[in-house]
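Engineer: So here's structure_0.pdb (PDB, C-alpha atoms, pLDDT in the B column).
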```pdb
MODEL        1
ATOM      1  CA  MET A   1      37.016  -8.787 -27.512  1.00 71.00           C
ATOM      2  CA  TRP A   2      33.496  -8.163 -28.861  1.00 69.00           C
ATOM      3  CA  VAL A   3      32.090 -10.893 -26.673  1.00 70.00           C
ATOM      4  CA  THR A   4      33.495  -9.209 -23.575  1.00 70.00           C
ATOM      5  CA  PHE A   5      32.041  -5.874 -24.661  1.00 60.00           C
ATOM      6  CA  VAL A   6      28.595  -7.379 -25.310  1.00 60.00           C
ATOM      7  CA  VAL A   7      28.634  -9.184 -21.956  1.00 56.00           C
ATOM      8  CA  LEU A   8      29.563  -5.964 -20.139  1.00 57.00           C
ATOM      9  CA  VAL A   9      26.815  -4.024 -21.907  1.00 56.00           C
ATOM     10  CA  LEU A  10      24.239  -6.697 -21.029  1.00 59.00           C
ATOM     11  CA  LEU A  11      25.387  -6.733 -17.400  1.00 59.00           C
ATOM     12  CA  GLY A  12      25.075  -2.943 -17.323  1.00 55.00           C
ATOM     13  CA  TYR A  13      21.514  -3.082 -18.629  1.00 55.00           C
ATOM     14  CA  ALA A  14      20.610  -5.793 -16.124  1.00 56.00           C
ATOM     15  CA  ALA A  15      22.054  -3.759 -13.247  1.00 52.00           C
ATOM     16  CA  MET A  16      20.192  -0.656 -14.400  1.00 52.00           C
ATOM     17  CA  ALA A  17      16.893  -2.568 -14.674  1.00 50.00           C
ATOM     18  CA  LEU A  18      17.349  -4.000 -11.176  1.00 50.00           C
ATOM     19  CA  TYR A  19      18.103  -0.537  -9.804  1.00 47.00           C
ATOM     20  CA  VAL A  20      14.970   0.949 -11.412  1.00 43.00           C
ATOM     21  CA  LEU A  21      12.790  -1.895 -10.102  1.00 49.00           C
ATOM     22  CA  THR A  22      14.178  -1.409  -6.590  1.00 49.00           C
ATOM     23  CA  LEU A  23      13.464   2.331  -6.731  1.00 46.00           C
ATOM     24  CA  GLU A  24       9.951   1.678  -8.043  1.00 60.00           C
ATOM     25  CA  ARG A  25       9.197  -0.804  -5.253  1.00 65.00           C
ATOM     26  CA  GLY A  26      10.394   1.684  -2.621  1.00 80.00           C
ATOM     27  CA  GLU A  27       8.315   4.472  -4.149  1.00 86.00           C
ATOM     28  CA  ARG A  28       5.200   2.289  -4.181  1.00 88.00           C
ATOM     29  CA  ARG A  29       5.749   1.386  -0.514  1.00 89.00           C
ATOM     30  CA  ARG A  30       6.110   5.089   0.312  1.00 91.00           C
ATOM     31  CA  MET A  31       2.902   5.936  -1.582  1.00 92.00           C
ATOM     32  CA  THR A  32       1.068   3.078   0.154  1.00 93.00           C
ATOM     33  CA  ALA A  33       2.219   4.293   3.582  1.00 94.00           C
ATOM     34  CA  GLN A  34       1.064   7.825   2.730  1.00 94.00           C
ATOM     35  CA  ASP A  35      -2.385   6.560   1.673  1.00 96.00           C
ATOM     36  CA  MET A  36      -2.661   4.434   4.809  1.00 96.00           C
ATOM     37  CA  ARG A  37      -1.903   7.439   7.034  1.00 96.00           C
ATOM     38  CA  TYR A  38      -4.560   9.449   5.167  1.00 96.00           C
ATOM     39  CA  ILE A  39      -7.174   6.707   5.640  1.00 97.00           C
ATOM     40  CA  LEU A  40      -6.254   6.148   9.299  1.00 96.00           C
ATOM     41  CA  MET A  41      -6.619   9.879  10.027  1.00 96.00           C
ATOM     42  CA  ALA A  42     -10.142   9.756   8.574  1.00 97.00           C
ATOM     43  CA  LEU A  43     -10.892   6.649  10.651  1.00 97.00           C
ATOM     44  CA  THR A  44      -9.730   8.513  13.766  1.00 96.00           C
ATOM     45  CA  ARG A  45     -12.062  11.418  12.946  1.00 96.00           C
ATOM     46  CA  TYR A  46     -14.891   8.907  12.419  1.00 97.00           C
ATOM     47  CA  ALA A  47     -14.236   7.354  15.848  1.00 97.00           C
ATOM     48  CA  GLU A  48     -14.120  10.799  17.485  1.00 97.00           C
ATOM     49  CA  ARG A  49     -17.396  11.773  15.813  1.00 96.00           C
ATOM     50  CA  THR A  50     -19.305   8.552  16.545  1.00 96.00           C
ATOM     51  CA  GLY A  51     -17.643   7.280  19.706  1.00 96.00           C
ATOM     52  CA  HIS A  52     -16.704   3.921  18.159  1.00 96.00           C
ATOM     53  CA  VAL A  53     -14.359   2.372  15.615  1.00 97.00           C
ATOM     54  CA  LEU A  54     -15.821   1.914  12.135  1.00 97.00           C
ATOM     55  CA  PRO A  55     -16.872  -1.747  11.861  1.00 97.00           C
ATOM     56  CA  SER A  56     -15.035  -3.774   9.206  1.00 96.00           C
ATOM     57  CA  SER A  57     -18.372  -4.748   7.689  1.00 96.00           C
ATOM     58  CA  ALA A  58     -19.206  -1.087   6.974  1.00 96.00           C
ATOM     59  CA  GLY A  59     -16.235  -0.686   4.640  1.00 95.00           C
ATOM     60  CA  LEU A  60     -14.101   2.329   3.877  1.00 97.00           C
ATOM     61  CA  SER A  61     -16.695   3.897   1.557  1.00 96.00           C
ATOM     62  CA  VAL A  62     -18.412   5.207   4.702  1.00 96.00           C
ATOM     63  CA  LEU A  63     -15.524   7.663   5.034  1.00 97.00           C
ATOM     64  CA  GLU A  64     -16.515   9.271   1.727  1.00 96.00           C
ATOM     65  CA  GLU A  65     -20.219   9.173   2.558  1.00 96.00           C
ATOM     66  CA  GLU A  66     -19.533  10.912   5.884  1.00 94.00           C
ATOM     67  CA  HIS A  67     -17.328  13.492   4.093  1.00 95.00           C
ATOM     68  CA  LEU A  68     -14.259  12.440   6.063  1.00 96.00           C
ATOM     69  CA  LEU A  69     -12.393  11.709   2.830  1.00 95.00           C
ATOM     70  CA  GLU A  70     -12.781  13.640  -0.385  1.00 94.00           C
ATOM     71  CA  ARG A  71     -11.994  10.461  -2.275  1.00 94.00           C
ATOM     72  CA  LEU A  72     -11.010   6.977  -1.228  1.00 96.00           C
ATOM     73  CA  PRO A  73      -7.541   6.246  -2.614  1.00 97.00           C
ATOM     74  CA  VAL A  74      -6.595   3.029  -4.362  1.00 96.00           C
ATOM     75  CA  ASP A  75      -3.205   1.413  -3.845  1.00 95.00           C
ATOM     76  CA  PRO A  76      -0.349   2.094  -6.294  1.00 93.00           C
ATOM     77  CA  TRP A  77      -1.356  -1.003  -8.285  1.00 92.00           C
ATOM     78  CA  GLY A  78      -4.939   0.215  -8.752  1.00 95.00           C
ATOM     79  CA  HIS A  79      -6.554  -2.081  -6.160  1.00 96.00           C
ATOM     80  CA  ASP A  80      -8.893  -1.024  -3.363  1.00 97.00           C
ATOM     81  CA  TYR A  81      -7.430  -0.942   0.127  1.00 97.00           C
ATOM     82  CA  VAL A  82      -8.812  -3.536   2.522  1.00 97.00           C
ATOM     83  CA  TYR A  83     -10.074  -2.513   5.963  1.00 97.00           C
ATOM     84  CA  ARG A  84     -10.105  -4.704   9.047  1.00 96.00           C
ATOM     85  CA  VAL A  85     -10.414  -4.196  12.769  1.00 97.00           C
ATOM     86  CA  GLU A  86      -7.927  -6.340  14.693  1.00 94.00           C
ATOM     87  CA  ALA A  87      -8.127  -6.310  18.502  1.00 93.00           C
ATOM     88  CA  GLY A  88     -10.097  -3.064  18.350  1.00 93.00           C
ATOM     89  CA  THR A  89      -7.506  -1.358  16.146  1.00 94.00           C
ATOM     90  CA  PRO A  90      -8.139  -0.301  12.530  1.00 96.00           C
ATOM     91  CA  VAL A  91      -5.782  -1.955  10.045  1.00 97.00           C
ATOM     92  CA  ILE A  92      -5.435  -1.033   6.373  1.00 98.00           C
ATOM     93  CA  LEU A  93      -4.107  -3.615   3.913  1.00 97.00           C
ATOM     94  CA  SER A  94      -2.860  -3.552   0.348  1.00 96.00           C
ATOM     95  CA  TYR A  95      -2.589  -6.930  -1.323  1.00 96.00           C
ATOM     96  CA  GLY A  96       0.303  -5.673  -3.439  1.00 92.00           C
ATOM     97  CA  ARG A  97       0.878  -5.944  -7.150  1.00 90.00           C
ATOM     98  CA  ASP A  98      -1.269  -9.037  -7.732  1.00 93.00           C
ATOM     99  CA  GLY A  99      -4.182  -7.856  -5.556  1.00 94.00           C
ATOM    100  CA  ILE A 100      -4.473 -11.309  -3.974  1.00 94.00           C
ATOM    101  CA  PRO A 101      -3.957 -12.024  -0.239  1.00 95.00           C
ATOM    102  CA  ASP A 102      -0.739 -13.681   0.968  1.00 93.00           C
ATOM    103  CA  GLY A 103       1.531 -12.714  -1.908  1.00 90.00           C
ATOM    104  CA  GLU A 104       5.309 -12.931  -1.759  1.00 90.00           C
ATOM    105  CA  GLY A 105       8.128 -10.804  -3.129  1.00 84.00           C
ATOM    106  CA  PRO A 106       6.750  -7.968  -5.291  1.00 80.00           C
ATOM    107  CA  ASP A 107       3.247  -9.362  -4.680  1.00 88.00           C
ATOM    108  CA  ALA A 108       3.642  -9.209  -0.881  1.00 90.00           C
ATOM    109  CA  ASP A 109       0.817  -7.754   1.184  1.00 93.00           C
ATOM    110  CA  LEU A 110       1.423  -4.428   2.930  1.00 93.00           C
ATOM    111  CA  SER A 111      -0.195  -3.737   6.301  1.00 94.00           C
ATOM    112  CA  SER A 112      -0.521  -0.429   8.115  1.00 95.00           C
ATOM    113  CA  ARG A 113       0.557  -2.243  11.292  1.00 92.00           C
ATOM    114  CA  VAL A 114       3.945  -3.023   9.763  1.00 86.00           C
ATOM    115  CA  LEU A 115       4.451  -0.335   7.143  1.00 80.00           C
ATOM    116  CA  LEU A 116       3.768   2.591   9.468  1.00 78.00           C
ATOM    117  CA  THR A 117       6.190   1.346  12.122  1.00 79.00           C
ATOM    118  CA  GLU A 118       9.176   1.072   9.752  1.00 66.00           C
TER
ENDMDL
END
```
Mind turning the file's structure into C-alpha cells?
Structural biologist:
Amino acid sequence: MWVTFVVLVLLGYAAMALYVLTLERGERRRMTAQDMRYILMALTRYAERTGHVLPSSAGLSVLEEEHLLERLPVDPWGHDYVYRVEAGTPVILSYGRDGIPDGEGPDADLSSRVLLTE
C-alpha cells in the first residue's frame, strides 16, 4: 500500500517537472523569436539608411553604435546572438542553452529563418 502511494507521488513529481521544463523551453523559444524580430527590424533600418545589408564581419554591435538599438539583447541563456548573411539575407542565430553550435535537444540552435516562420 505505501509502496504504491510512494510510486504515485514520485510519478506525479516527475510529470510536474516535465511539464515545467516543457513550458520553460517554449517560453525561451518565444523570447528568442521576439529578440530576433527586434534585431531584424534594426537591420532593416540599417539597410534602408545605408543602402546595403550589414556585413557579417561588422557584427551586431554596429546597431548600437548607429543608435538603431538601445541595447543589443542576449539570448535567454545569456549568450550573444550570432549574425550571418546567407544568400543576401540577414540571419540571427542562438546557439541554445550550451552556447555551442550544432547542439541537439535543449541545446539545439535556433535560427531566425526557422523560428520566425513557425
Engineer: In Å to one decimal, how far is atom CA of A:Met31 from atom CA of A:Arg49?
Structural biologist: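 Computed distance, atom CA of A:Arg49 to atom CA of A:Met31, equals 27.4 Å.
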Engineer: Identify which of the residues A:Gly78, A:Gly26, A:Pro90, A:Pro73 lies closest to A:Ser56, counting all atoms listed in the file when measuring atom-to-atom distances.
Structural biologist: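 The answer is A:Pro90, which sits nearest to A:Ser56.
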Engineer: Padding 8 Å on each side, edges along x, y and z: where is the centre of the box around the listed atoms of stretch 57-73 of chain A, and how long are its edges in Å to one decimal? Output it as lines of an AutoDock Vina configuration file.
Structural biologist:
```
center_x = -13.9
center_y = 4.4
center_z = 2.5
size_x = 28.7
size_y = 34.4
size_z = 26.3
```
Engineer: Would you mind listing what lies within 8 Å of A:Arg113 as a PyMOL selection string, with only C-alpha atoms counted and same-chain residues fewer than 2 positions away left out?
Structural biologist: chain A and resi 91-92+111+115-117
Engineer: Those residues you just picked out, can you put them in a file as a compact mmCIF listing (two decimals), in the frame of the given file with C-alpha atoms?
Structural biologist:
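result.txt was written with the following content:
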```
# COMPACT_ATOMS: atom_id res chain seq x y z
CA VAL A 91 -5.78 -1.96 10.04
CA ILE A 92 -5.44 -1.03 6.37
CA SER A 111 -0.20 -3.74 6.30
CA LEU A 115 4.45 -0.34 7.14
CA LEU A 116 3.77 2.59 9.47
CA THR A 117 6.19 1.35 12.12
```
Engineer: Could you check how far atom CA of A:Val114 sits from atom CA of A:Thr50, in Å to one decimal?
Structural biologist: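 That distance, rounded to one decimal, is 26.8 Å.
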Engineer: Report, in Å with one decimal, the straight-line distance from atom CA of A:Leu54 to atom CA of A:Gly99.
Structural biologist: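 Going from atom CA of A:Leu54 over to atom CA of A:Gly99 covers 23.3 Å.
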Engineer: Just say which residues the PyMOL selection byres ((chain A and resi 81) around 12) picks in this file, as a PyMOL selection string.
Structural biologist: chain A and resi 32-33+35-36+38-40+59-61+72-80+82-84+91-96+99-101+109-112
Engineer: Which residue, A:Asp107, A:Leu68, A:Glu86, A:Val62, has the smallest gap to A:Glu48 when you use only C-alpha atoms?
Structural biologist: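 Nearest candidate to A:Glu48 out of A:Asp107, A:Leu68, A:Glu86, A:Val62: A:Leu68.
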